[in-house]
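Data block for start23.cif (mmCIF, C-alpha atoms and all ligand atoms; chains and numbers go by the auth columns):
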```
data_data
#
loop_
_atom_site.group_PDB
_atom_site.id
_atom_site.type_symbol
_atom_site.label_atom_id
_atom_site.label_comp_id
_atom_site.label_asym_id
_atom_site.label_seq_id
_atom_site.Cartn_x
_atom_site.Cartn_y
_atom_site.Cartn_z
_atom_site.B_iso_or_equiv
_atom_site.auth_seq_id
_atom_site.auth_asym_id
ATOM 1 C CA MET A 1 82.695 58.641 118.933 0.00 1 P
ATOM 2 C CA GLU A 2 84.725 55.729 120.336 0.00 2 P
ATOM 3 C CA GLU A 3 85.073 53.896 117.037 0.00 3 P
ATOM 4 C CA LYS A 4 86.713 56.909 115.404 0.00 4 P
ATOM 5 C CA LYS A 5 89.165 57.254 118.285 0.00 5 P
ATOM 6 C CA LYS A 6 90.161 53.618 117.942 0.00 6 P
ATOM 7 C CA ILE A 7 90.781 53.876 114.214 0.00 7 P
ATOM 8 C CA ARG A 8 92.722 57.129 114.687 0.00 8 P
ATOM 9 C CA LYS A 9 94.990 55.525 117.273 0.00 9 P
ATOM 10 C CA LEU A 10 95.593 52.390 115.228 0.00 10 P
ATOM 11 C CA ILE A 11 96.436 54.232 112.015 0.00 11 P
ATOM 12 C CA LEU A 12 98.700 56.738 113.753 0.00 12 P
ATOM 13 C CA SER A 13 100.653 53.922 115.373 0.00 13 P
ATOM 14 C CA LYS A 14 101.044 52.215 111.993 0.00 14 P
ATOM 15 C CA LEU A 15 102.290 55.467 110.491 0.00 15 P
ATOM 16 C CA LYS A 16 104.908 55.867 113.196 0.00 16 P
ATOM 17 C CA GLY A 17 106.519 52.618 112.053 0.00 17 P
ATOM 18 C CA LYS A 18 106.216 53.388 108.363 0.00 18 P
ATOM 19 C CA VAL A 19 109.423 52.777 106.419 0.00 19 P
ATOM 20 C CA ASN A 20 110.606 54.238 103.145 0.00 20 P
ATOM 21 C CA ARG A 21 108.515 57.367 103.766 0.00 21 P
ATOM 22 C CA ASP A 22 110.618 59.861 101.791 0.00 22 P
ATOM 23 C CA CYS A 23 110.422 57.852 98.630 0.00 23 P
ATOM 24 C CA ILE A 24 106.663 57.261 98.866 0.00 24 P
ATOM 25 C CA GLU A 25 106.018 60.899 99.752 0.00 25 P
ATOM 26 C CA SER A 26 107.958 62.078 96.697 0.00 26 P
ATOM 27 C CA GLU A 27 105.929 59.774 94.466 0.00 27 P
ATOM 28 C CA LEU A 28 102.645 60.990 95.904 0.00 28 P
ATOM 29 C CA TRP A 29 103.592 64.655 95.574 0.00 29 P
ATOM 30 C CA GLU A 30 104.661 63.956 91.993 0.00 30 P
ATOM 31 C CA LEU A 31 101.150 62.627 91.296 0.00 31 P
ATOM 32 C CA PHE A 32 99.639 65.699 92.905 0.00 32 P
ATOM 33 C CA PHE A 33 101.898 68.147 91.060 0.00 33 P
ATOM 34 C CA ASN A 34 100.950 66.507 87.766 0.00 34 P
ATOM 35 C CA SER A 35 97.207 66.589 88.482 0.00 35 P
ATOM 36 C CA SER A 36 94.942 69.039 86.700 0.00 36 P
ATOM 37 C CA MET A 37 93.688 70.101 90.102 0.00 37 P
ATOM 38 C CA TYR A 38 97.134 71.443 90.922 0.00 38 P
ATOM 39 C CA VAL A 39 98.108 72.663 87.480 0.00 39 P
ATOM 40 C CA GLU A 40 94.881 74.625 87.055 0.00 40 P
ATOM 41 C CA SER A 41 94.794 76.104 90.549 0.00 41 P
ATOM 42 C CA GLU A 42 96.399 79.393 91.332 0.00 42 P
ATOM 43 C CA THR A 43 95.533 79.439 95.027 0.00 43 P
ATOM 44 C CA ILE A 44 96.169 76.328 97.091 0.00 44 P
ATOM 45 C CA ALA A 45 95.542 75.732 100.778 0.00 45 P
ATOM 46 C CA ILE A 46 97.732 73.323 102.684 0.00 46 P
ATOM 47 C CA THR A 47 98.529 72.589 106.312 0.00 47 P
ATOM 48 C CA VAL A 48 102.050 72.117 107.612 0.00 48 P
ATOM 49 C CA SER A 49 102.240 68.458 108.613 0.00 49 P
ATOM 50 C CA LYS A 50 103.557 67.012 111.837 0.00 50 P
ATOM 51 C CA PHE A 51 105.063 63.509 112.146 0.00 51 P
ATOM 52 C CA PRO A 52 103.715 60.832 111.630 0.00 52 P
ATOM 53 C CA GLU A 53 101.574 62.564 109.000 0.00 53 P
ATOM 54 C CA LEU A 54 102.666 62.532 105.377 0.00 54 P
ATOM 55 C CA SER A 55 105.089 65.429 105.111 0.00 55 P
ATOM 56 C CA THR A 56 103.949 68.625 103.390 0.00 56 P
ATOM 57 C CA ILE A 57 106.790 71.034 104.053 0.00 57 P
ATOM 58 C CA ASN A 58 108.870 70.296 100.939 0.00 58 P
ATOM 59 C CA ALA A 59 105.722 70.419 98.846 0.00 59 P
ATOM 60 C CA ILE A 60 104.829 73.828 100.274 0.00 60 P
ATOM 61 C CA HIS A 61 108.302 75.022 99.316 0.00 61 P
ATOM 62 C CA SER A 62 107.873 73.665 95.767 0.00 62 P
ATOM 63 C CA MET A 63 104.484 75.343 95.379 0.00 63 P
ATOM 64 C CA ILE A 64 105.945 78.698 96.406 0.00 64 P
ATOM 65 C CA GLU A 65 108.766 78.217 93.898 0.00 65 P
ATOM 66 C CA ASP A 66 106.124 77.341 91.318 0.00 66 P
ATOM 67 C CA GLN A 67 104.606 80.822 91.868 0.00 67 P
ATOM 68 C CA LYS A 68 101.388 79.427 93.333 0.00 68 P
ATOM 69 C CA LYS A 69 99.510 81.463 95.901 0.00 69 P
ATOM 70 C CA VAL A 70 100.041 79.207 98.902 0.00 70 P
ATOM 71 C CA VAL A 71 97.742 79.692 101.871 0.00 71 P
ATOM 72 C CA VAL A 72 98.223 78.011 105.233 0.00 72 P
ATOM 73 C CA PRO A 73 95.644 77.794 108.020 0.00 73 P
ATOM 74 C CA LYS A 74 95.924 79.508 111.359 0.00 74 P
ATOM 75 C CA THR A 75 93.787 77.952 114.078 0.00 75 P
ATOM 76 C CA CYS A 76 91.501 80.294 115.945 0.00 76 P
ATOM 77 C CA LEU A 77 90.445 78.596 119.160 0.00 77 P
ATOM 78 C CA SER A 78 87.926 81.247 120.167 0.00 78 P
ATOM 79 C CA THR A 79 85.845 80.676 117.024 0.00 79 P
ATOM 80 C CA ASN A 80 86.939 77.065 116.503 0.00 80 P
ATOM 81 C CA SER A 81 87.795 77.885 112.934 0.00 81 P
ATOM 82 C CA LEU A 82 90.692 78.143 110.506 0.00 82 P
ATOM 83 C CA ALA A 83 91.834 81.358 108.836 0.00 83 P
ATOM 84 C CA PHE A 84 94.009 81.055 105.746 0.00 84 P
ATOM 85 C CA HIS A 85 96.995 83.350 105.274 0.00 85 P
ATOM 86 C CA GLN A 86 99.210 83.636 102.236 0.00 86 P
ATOM 87 C CA ILE A 87 102.855 82.813 102.753 0.00 87 P
ATOM 88 C CA SER A 88 105.608 83.530 100.246 0.00 88 P
ATOM 89 C CA SER A 89 108.382 82.004 102.347 0.00 89 P
ATOM 90 C CA LEU A 90 108.702 79.234 104.911 0.00 90 P
ATOM 91 C CA ASN A 91 110.173 81.907 107.196 0.00 91 P
ATOM 92 C CA GLN A 92 106.656 83.226 107.669 0.00 92 P
ATOM 93 C CA LEU A 93 105.734 80.086 109.632 0.00 93 P
ATOM 94 C CA THR A 94 105.808 79.961 113.399 0.00 94 P
ATOM 95 C CA PRO A 95 104.647 77.314 115.936 0.00 95 P
ATOM 96 C CA GLY A 96 100.998 77.755 116.957 0.00 96 P
ATOM 97 C CA VAL A 97 98.272 75.589 118.481 0.00 97 P
ATOM 98 C CA MET A 98 99.592 72.081 119.304 0.00 98 P
ATOM 99 C CA GLY A 99 103.021 73.106 118.045 0.00 99 P
ATOM 100 C CA ILE A 100 101.815 73.063 114.444 0.00 100 P
ATOM 101 C CA LEU A 101 103.566 75.590 112.216 0.00 101 P
ATOM 102 C CA GLU A 102 101.202 78.317 111.129 0.00 102 P
ATOM 103 C CA PRO A 103 101.485 81.691 109.394 0.00 103 P
ATOM 104 C CA ASN A 104 102.806 84.553 111.517 0.00 104 P
ATOM 105 C CA LYS A 105 101.292 88.016 111.845 0.00 105 P
ATOM 106 C CA ASN A 106 103.132 89.364 108.815 0.00 106 P
ATOM 107 C CA SER A 107 100.924 87.441 106.421 0.00 107 P
ATOM 108 C CA ASP A 108 97.679 88.431 104.718 0.00 108 P
ATOM 109 C CA VAL A 109 94.373 86.659 105.188 0.00 109 P
ATOM 110 C CA VAL A 110 92.859 85.127 102.051 0.00 110 P
ATOM 111 C CA ASP A 111 89.108 84.496 101.685 0.00 111 P
ATOM 112 C CA LEU A 112 87.888 80.926 101.403 0.00 112 P
ATOM 113 C CA GLU A 113 86.176 81.803 98.099 0.00 113 P
ATOM 114 C CA GLU A 114 89.544 82.574 96.585 0.00 114 P
ATOM 115 C CA ILE A 115 90.974 79.127 97.320 0.00 115 P
ATOM 116 C CA GLU A 116 90.769 76.771 94.341 0.00 116 P
ATOM 117 C CA THR A 117 92.192 73.632 95.926 0.00 117 P
ATOM 118 C CA ILE A 118 92.472 72.533 99.529 0.00 118 P
ATOM 119 C CA VAL A 119 94.858 69.720 100.422 0.00 119 P
ATOM 120 C CA VAL A 120 92.926 68.206 103.321 0.00 120 P
ATOM 121 C CA PRO A 121 94.823 66.524 106.137 0.00 121 P
ATOM 122 C CA GLY A 122 93.486 63.408 107.803 0.00 122 P
ATOM 123 C CA VAL A 123 94.321 60.161 109.529 0.00 123 P
ATOM 124 C CA ALA A 124 92.093 57.561 107.859 0.00 124 P
ATOM 125 C CA PHE A 125 90.123 57.642 104.617 0.00 125 P
ATOM 126 C CA THR A 126 87.699 55.398 102.764 0.00 126 P
ATOM 127 C CA LYS A 127 88.057 55.117 99.009 0.00 127 P
ATOM 128 C CA GLU A 128 84.982 57.345 98.720 0.00 128 P
ATOM 129 C CA GLY A 129 86.947 60.122 100.389 0.00 129 P
ATOM 130 C CA TYR A 130 85.249 60.023 103.794 0.00 130 P
ATOM 131 C CA ARG A 131 87.796 60.806 106.464 0.00 131 P
ATOM 132 C CA ILE A 132 88.761 60.742 110.076 0.00 132 P
ATOM 133 C CA GLY A 133 90.816 63.773 110.950 0.00 133 P
ATOM 134 C CA PHE A 134 92.570 64.689 114.131 0.00 134 P
ATOM 135 C CA GLY A 135 89.330 65.124 116.017 0.00 135 P
ATOM 136 C CA GLY A 136 88.772 68.881 116.123 0.00 136 P
ATOM 137 C CA GLY A 137 86.184 68.998 113.372 0.00 137 P
ATOM 138 C CA PHE A 138 88.058 71.986 111.898 0.00 138 P
ATOM 139 C CA TYR A 139 88.088 70.670 108.369 0.00 139 P
ATOM 140 C CA ASP A 140 84.528 69.381 108.568 0.00 140 P
ATOM 141 C CA ARG A 141 83.315 72.856 109.526 0.00 141 P
ATOM 142 C CA LEU A 142 85.509 74.444 106.876 0.00 142 P
ATOM 143 C CA LEU A 143 84.383 72.159 104.063 0.00 143 P
ATOM 144 C CA SER A 144 80.717 72.784 104.851 0.00 144 P
ATOM 145 C CA ASN A 145 81.303 76.368 103.589 0.00 145 P
ATOM 146 C CA TYR A 146 83.593 75.526 100.689 0.00 146 P
ATOM 147 C CA GLN A 147 82.791 74.837 97.024 0.00 147 P
ATOM 148 C CA GLY A 148 86.239 74.331 95.447 0.00 148 P
ATOM 149 C CA ASN A 149 88.434 71.287 94.862 0.00 149 P
ATOM 150 C CA THR A 150 89.616 69.086 97.683 0.00 150 P
ATOM 151 C CA CYS A 151 92.149 66.299 97.768 0.00 151 P
ATOM 152 C CA SER A 152 94.238 64.284 100.184 0.00 152 P
ATOM 153 C CA LEU A 153 97.475 62.338 99.863 0.00 153 P
ATOM 154 C CA LEU A 154 97.727 59.119 101.786 0.00 154 P
ATOM 155 C CA PHE A 155 99.925 56.222 102.693 0.00 155 P
ATOM 156 C CA GLN A 156 98.384 52.793 102.056 0.00 156 P
ATOM 157 C CA GLU A 157 97.901 52.318 105.801 0.00 157 P
ATOM 158 C CA GLN A 158 95.499 55.262 105.848 0.00 158 P
ATOM 159 C CA LEU A 159 93.031 53.678 103.460 0.00 159 P
ATOM 160 C CA VAL A 160 90.392 51.811 105.476 0.00 160 P
ATOM 161 C CA GLU A 161 87.378 49.736 104.503 0.00 161 P
ATOM 162 C CA SER A 162 84.830 51.849 106.354 0.00 162 P
ATOM 163 C CA ILE A 163 84.536 54.598 108.919 0.00 163 P
ATOM 164 C CA PRO A 164 81.527 55.793 110.894 0.00 164 P
ATOM 165 C CA VAL A 165 80.054 58.552 108.728 0.00 165 P
ATOM 166 C CA GLU A 166 78.212 61.375 110.488 0.00 166 P
ATOM 167 C CA ASP A 167 75.897 63.994 109.006 0.00 167 P
ATOM 168 C CA HIS A 168 78.590 66.665 109.004 0.00 168 P
ATOM 169 C CA ASP A 169 81.151 64.536 107.140 0.00 169 P
ATOM 170 C CA ILE A 170 81.958 65.804 103.679 0.00 170 P
ATOM 171 C CA PRO A 171 84.101 63.521 101.512 0.00 171 P
ATOM 172 C CA VAL A 172 87.324 64.719 99.919 0.00 172 P
ATOM 173 C CA ARG A 173 86.956 64.825 96.137 0.00 173 P
ATOM 174 C CA GLU A 174 90.213 63.239 94.994 0.00 174 P
ATOM 175 C CA LEU A 175 92.619 60.886 96.733 0.00 175 P
ATOM 176 C CA PHE A 176 96.248 60.290 95.881 0.00 176 P
ATOM 177 C CA ILE A 177 97.080 56.957 97.457 0.00 177 P
ATOM 178 C CA GLU A 178 100.380 55.116 97.716 0.00 178 P
ATOM 179 C CA ASN A 179 100.418 52.604 94.833 0.00 179 P
ATOM 180 C CA LYS A 180 96.968 53.598 93.635 0.00 180 P
ATOM 181 C CA THR A 181 94.953 56.662 92.705 0.00 181 P
ATOM 182 C CA ARG A 182 91.254 57.247 92.501 0.00 182 P
HETATM 183 N N1 LIG B . 79.924 71.176 110.031 0.00 201 P
HETATM 184 C C1 LIG B . 80.001 71.124 111.375 0.00 201 P
HETATM 185 N N2 LIG B . 79.315 71.980 112.151 0.00 201 P
HETATM 186 C C2 LIG B . 79.391 71.927 113.488 0.00 201 P
HETATM 187 N N3 LIG B . 80.119 71.031 114.176 0.00 201 P
HETATM 188 C C3 LIG B . 80.831 70.145 113.481 0.00 201 P
HETATM 189 C C4 LIG B . 80.816 70.144 112.052 0.00 201 P
HETATM 190 N N4 LIG B . 81.616 69.165 111.639 0.00 201 P
HETATM 191 C C5 LIG B . 82.115 68.572 112.747 0.00 201 P
HETATM 192 N N5 LIG B . 81.641 69.148 113.861 0.00 201 P
HETATM 193 C C6 LIG B . 81.970 68.745 115.238 0.00 201 P
HETATM 194 O O1 LIG B . 83.372 68.652 115.426 0.00 201 P
HETATM 195 C C7 LIG B . 83.709 67.559 116.280 0.00 201 P
HETATM 196 C C8 LIG B . 84.799 66.699 115.706 0.00 201 P
HETATM 197 O O2 LIG B . 84.371 66.131 114.487 0.00 201 P
HETATM 198 P P1 LIG B . 85.094 64.858 113.873 0.00 201 P
HETATM 199 O O3 LIG B . 85.174 63.772 114.897 0.00 201 P
HETATM 200 O O4 LIG B . 84.454 64.517 112.573 0.00 201 P
HETATM 201 O O5 LIG B . 86.578 65.432 113.654 0.00 201 P
HETATM 202 P P2 LIG B . 87.653 65.116 112.567 0.00 201 P
HETATM 203 O O6 LIG B . 87.053 64.908 111.226 0.00 201 P
HETATM 204 O O7 LIG B . 88.494 64.014 113.072 0.00 201 P
HETATM 205 O O8 LIG B . 88.486 66.474 112.620 0.00 201 P
HETATM 206 P P3 LIG B . 89.031 67.463 111.497 0.00 201 P
HETATM 207 O O9 LIG B . 87.886 67.832 110.581 0.00 201 P
HETATM 208 O O10 LIG B . 89.556 68.665 112.243 0.00 201 P
HETATM 209 O O11 LIG B . 90.123 66.770 110.768 0.00 201 P
HETATM 210 C C9 LIG B . 82.432 66.777 116.501 0.00 201 P
HETATM 211 O O12 LIG B . 81.989 66.988 117.793 0.00 201 P
HETATM 212 C C10 LIG B . 81.465 67.350 115.475 0.00 201 P
HETATM 213 O O13 LIG B . 80.132 67.340 115.954 0.00 201 P
HETATM 214 MG MG MG B . 85.146 64.461 110.612 0.00 202 P
#
```

Could you render the structure from this file as structure tokens?
Amino acid sequence: MEEKKKIRKLILSKLKGKVNRDCIESELWELFFNSSMYVESETIAITVSKFPELSTINAIHSMIEDQKKVVVPKTCLSTNSLAFHQISSLNQLTPGVMGILEPNKNSDVVDLEEIETIVVPGVAFTKEGYRIGFGGGFYDRLLSNYQGNTCSLLFQEQLVESIPVEDHDIPVRELFIENKTR
């Protein structure tokens, strides 16, 4: 859909020029780490970010130190799906599809049913939690089979008034937004 592409491009260009990122990211992760969603979850799924996305790598490290079961997706292009593998060290990550760091072969697959919280990546979000991702539909397909908690962390620039919602779009349950939280 053209409209989605336009919004994606605009937001990504805004994010590239974003200043004071480290400070804002720390504040957002602090909100997340203090949330009941995090505190009460043993198994958490999270993607390794790539600039200009909000960075997740330090947070992944903290979660491992916190003794959480951290699972990271591996993209399977033949089935167009994501498989989650547990990592207990950042050394278990290796560049995969699109250069995104993903778990290597020495990591165990974890069932979707076992995941209590998924930190969902995305480019643009409405305050209702509807999102525009990176265009693969990977998270839309995933969330259609998932019953647990979902959340996203976003810079102010990523919050938009409206996005074209399609039948397959499933909103993220909780948003942690720069300067504001739902
Ligand atoms: N539940 C689903 N079942 C089958 N196809 C789907 C589903 N969800 C999305 N798709 C397909 O995936 C493609 C991309 O979807 P969309 O534009 O919503 O991606 P996105 O939300 O930006 O990506 P992502 O979810 O990976 O972040 C579309 O062609 C869409 O029809
Ligand atoms: Mg979508």

Which is closest to P:His61 among P:Leu82, P:Cys76, P:Ile132, P:Ile87, if we use only C-alpha atoms?
P:Ile87

May I ask for the distance between atom CA of P:Pro171 and atom CA of P:Glu42, given in Å to one decimal place?
22.5 Å

Using all atoms listed in the file, tabulate the residues of chain P lying at most 9 Å from any atom of ligand LIG 201 (chain P), each with its closest atom pair and that distance in Å to one decimal, by chain and increasing residue number, as JSON lines.
```
{"residue": "P:Met1", "atom": "CA", "partner": "P:LIG201", "partner_atom": "O3", "distance": 7.0}
{"residue": "P:Lys4", "atom": "CA", "partner": "P:LIG201", "partner_atom": "O3", "distance": 7.1}
{"residue": "P:Lys5", "atom": "CA", "partner": "P:LIG201", "partner_atom": "O3", "distance": 8.4}
{"residue": "P:Arg8", "atom": "CA", "partner": "P:LIG201", "partner_atom": "O7", "distance": 8.2}
{"residue": "P:Val120", "atom": "CA", "partner": "P:LIG201", "partner_atom": "O11", "distance": 8.1}
{"residue": "P:Pro121", "atom": "CA", "partner": "P:LIG201", "partner_atom": "O11", "distance": 6.6}
{"residue": "P:Gly122", "atom": "CA", "partner": "P:LIG201", "partner_atom": "O11", "distance": 5.6}
{"residue": "P:Val123", "atom": "CA", "partner": "P:LIG201", "partner_atom": "O7", "distance": 7.8}
{"residue": "P:Arg131", "atom": "CA", "partner": "P:LIG201", "partner_atom": "O6", "distance": 6.3}
{"residue": "P:Ile132", "atom": "CA", "partner": "P:LIG201", "partner_atom": "O7", "distance": 4.4}
{"residue": "P:Gly133", "atom": "CA", "partner": "P:LIG201", "partner_atom": "O11", "distance": 3.1}
{"residue": "P:Phe134", "atom": "CA", "partner": "P:LIG201", "partner_atom": "O7", "distance": 4.3}
{"residue": "P:Gly135", "atom": "CA", "partner": "P:LIG201", "partner_atom": "O7", "distance": 3.3}
{"residue": "P:Gly136", "atom": "CA", "partner": "P:LIG201", "partner_atom": "O10", "distance": 4.0}
{"residue": "P:Gly137", "atom": "CA", "partner": "P:LIG201", "partner_atom": "O9", "distance": 3.5}
{"residue": "P:Phe138", "atom": "CA", "partner": "P:LIG201", "partner_atom": "O10", "distance": 3.7}
{"residue": "P:Tyr139", "atom": "CA", "partner": "P:LIG201", "partner_atom": "O9", "distance": 3.6}
{"residue": "P:Asp140", "atom": "CA", "partner": "P:LIG201", "partner_atom": "O9", "distance": 4.2}
{"residue": "P:Arg141", "atom": "CA", "partner": "P:LIG201", "partner_atom": "N1", "distance": 3.8}
{"residue": "P:Leu142", "atom": "CA", "partner": "P:LIG201", "partner_atom": "N1", "distance": 7.2}
{"residue": "P:Leu143", "atom": "CA", "partner": "P:LIG201", "partner_atom": "N1", "distance": 7.5}
{"residue": "P:Ser144", "atom": "CA", "partner": "P:LIG201", "partner_atom": "N1", "distance": 5.5}
{"residue": "P:Asn145", "atom": "CA", "partner": "P:LIG201", "partner_atom": "N1", "distance": 8.4}
{"residue": "P:Val165", "atom": "CA", "partner": "P:LIG201", "partner_atom": "O4", "distance": 8.4}
{"residue": "P:Glu166", "atom": "CA", "partner": "P:LIG201", "partner_atom": "O4", "distance": 7.3}
{"residue": "P:Asp167", "atom": "CA", "partner": "P:LIG201", "partner_atom": "N4", "distance": 8.1}
{"residue": "P:His168", "atom": "CA", "partner": "P:LIG201", "partner_atom": "N4", "distance": 4.7}
{"residue": "P:Asp169", "atom": "CA", "partner": "P:LIG201", "partner_atom": "O4", "distance": 6.4}
{"residue": "P:Ile170", "atom": "CA", "partner": "P:LIG201", "partner_atom": "N1", "distance": 8.6}
```

How would you write, as a tab-separated table (two decimals) with C-alpha atoms, keeping the file's coordinate frame, the residues chosen by the PyMOL selection byres (((chain P and resi 127) around 8) and not hetatm) on this structure?
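The result, stored in part-v1.tsv:
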```tsv
chain	number	residue	atom	x	y	z
P	125	PHE	CA	90.12	57.64	104.62
P	126	THR	CA	87.70	55.40	102.76
P	128	GLU	CA	84.98	57.34	98.72
P	129	GLY	CA	86.95	60.12	100.39
P	130	TYR	CA	85.25	60.02	103.79
P	159	LEU	CA	93.03	53.68	103.46
P	160	VAL	CA	90.39	51.81	105.48
P	161	GLU	CA	87.38	49.74	104.50
P	175	LEU	CA	92.62	60.89	96.73
P	182	ARG	CA	91.25	57.25	92.50
```

So how many Å separate atom CA of P:Leu93 and atom CA of P:Asn149, to one decimal?
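Calculated distance between atom CA of P:Leu93 and atom CA of P:Asn149 is 24.4 Å.
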
Please, what distance in Å, to one decimal, runs between atom CA of P:Ile100 and atom CA of P:Phe155?
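That distance, rounded to one decimal, is 20.6 Å.
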
Mind checking which residues fall within 12 Å of P:Phe33, counting all atoms listed in the file, ignoring those fewer than 2 positions away in the same chain, and posting them as an MDAnalysis selection string?
chainID P and resid 26:31 35:41 44 59:60 62:63 66 68 119 151 153 176

What residues come out when you apply the PyMOL selection byres (((chain P and resi 47) around 10) and not hetatm) to this file, written as a list in words?
Ala45, Ile46, Val48, Ser49, Lys50, Ser55, Thr56, Ile57, Ile60, Val71, Val72, Pro73, Lys74, Phe84, Ile100, Leu101, Glu102, Ile118, Val119, Val120 and Pro121 of chain P

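With only C-alpha atoms as the basis for measurement, P:Thr117 is the residue among P:Glu53, P:Thr117, P:Phe32, P:Gln147 that approaches P:Val70 most closely.
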
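Between ligand MG 202 (chain P) and the candidates P:Leu10, P:Val110, P:Val19, P:Val172, the tightest atom-to-atom separation, counting only C-alpha atoms and all ligand atoms, involves P:Val172.
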
Tell me which of P:Asn34, P:Gly17, P:Asp111, P:Pro164 sits closest to ligand MG 202 (chain P), counting only C-alpha atoms and all ligand atoms.
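Looking only at the distances to ligand MG 202 (chain P), the closest residue turns out to be P:Pro164.
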
Expected selection from the PyMOL selection byres (((chain P and resi 113) around 8) and not hetatm), given as a list in words:
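Checking the PyMOL selection byres (((chain P and resi 113) around 8) and not hetatm) against this file, the residues are Asp111, Leu112, Glu114, Ile115, Glu116, Tyr146, Gln147 and Gly148 of chain P.
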
Just to be explicit: take each residue in the selection above, keep C-alpha atoms, and write the result as a PDB file, in the coordinates of the input.
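This went into result_4.pdb:
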```pdb
ATOM      1  CA  ASP P 111      89.108  84.496 101.685  1.00  0.00           C
ATOM      2  CA  LEU P 112      87.888  80.926 101.403  1.00  0.00           C
ATOM      3  CA  GLU P 114      89.544  82.574  96.585  1.00  0.00           C
ATOM      4  CA  ILE P 115      90.974  79.127  97.320  1.00  0.00           C
ATOM      5  CA  GLU P 116      90.769  76.771  94.341  1.00  0.00           C
ATOM      6  CA  TYR P 146      83.593  75.526 100.689  1.00  0.00           C
ATOM      7  CA  GLN P 147      82.791  74.837  97.024  1.00  0.00           C
ATOM      8  CA  GLY P 148      86.239  74.331  95.447  1.00  0.00           C
TER       9      GLY P 148
END
```

Nearest residue to P:Ile7 out of P:Ala83, P:Ile64, P:Val97, P:Ala124, using all atoms listed in the file?
P:Ala124

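Distance annotation: of P:Met98, P:Leu77, P:Leu90, P:Leu154, the residue with the minimal separation from P:Arg21 is P:Leu154; atom set is only C-alpha atoms.
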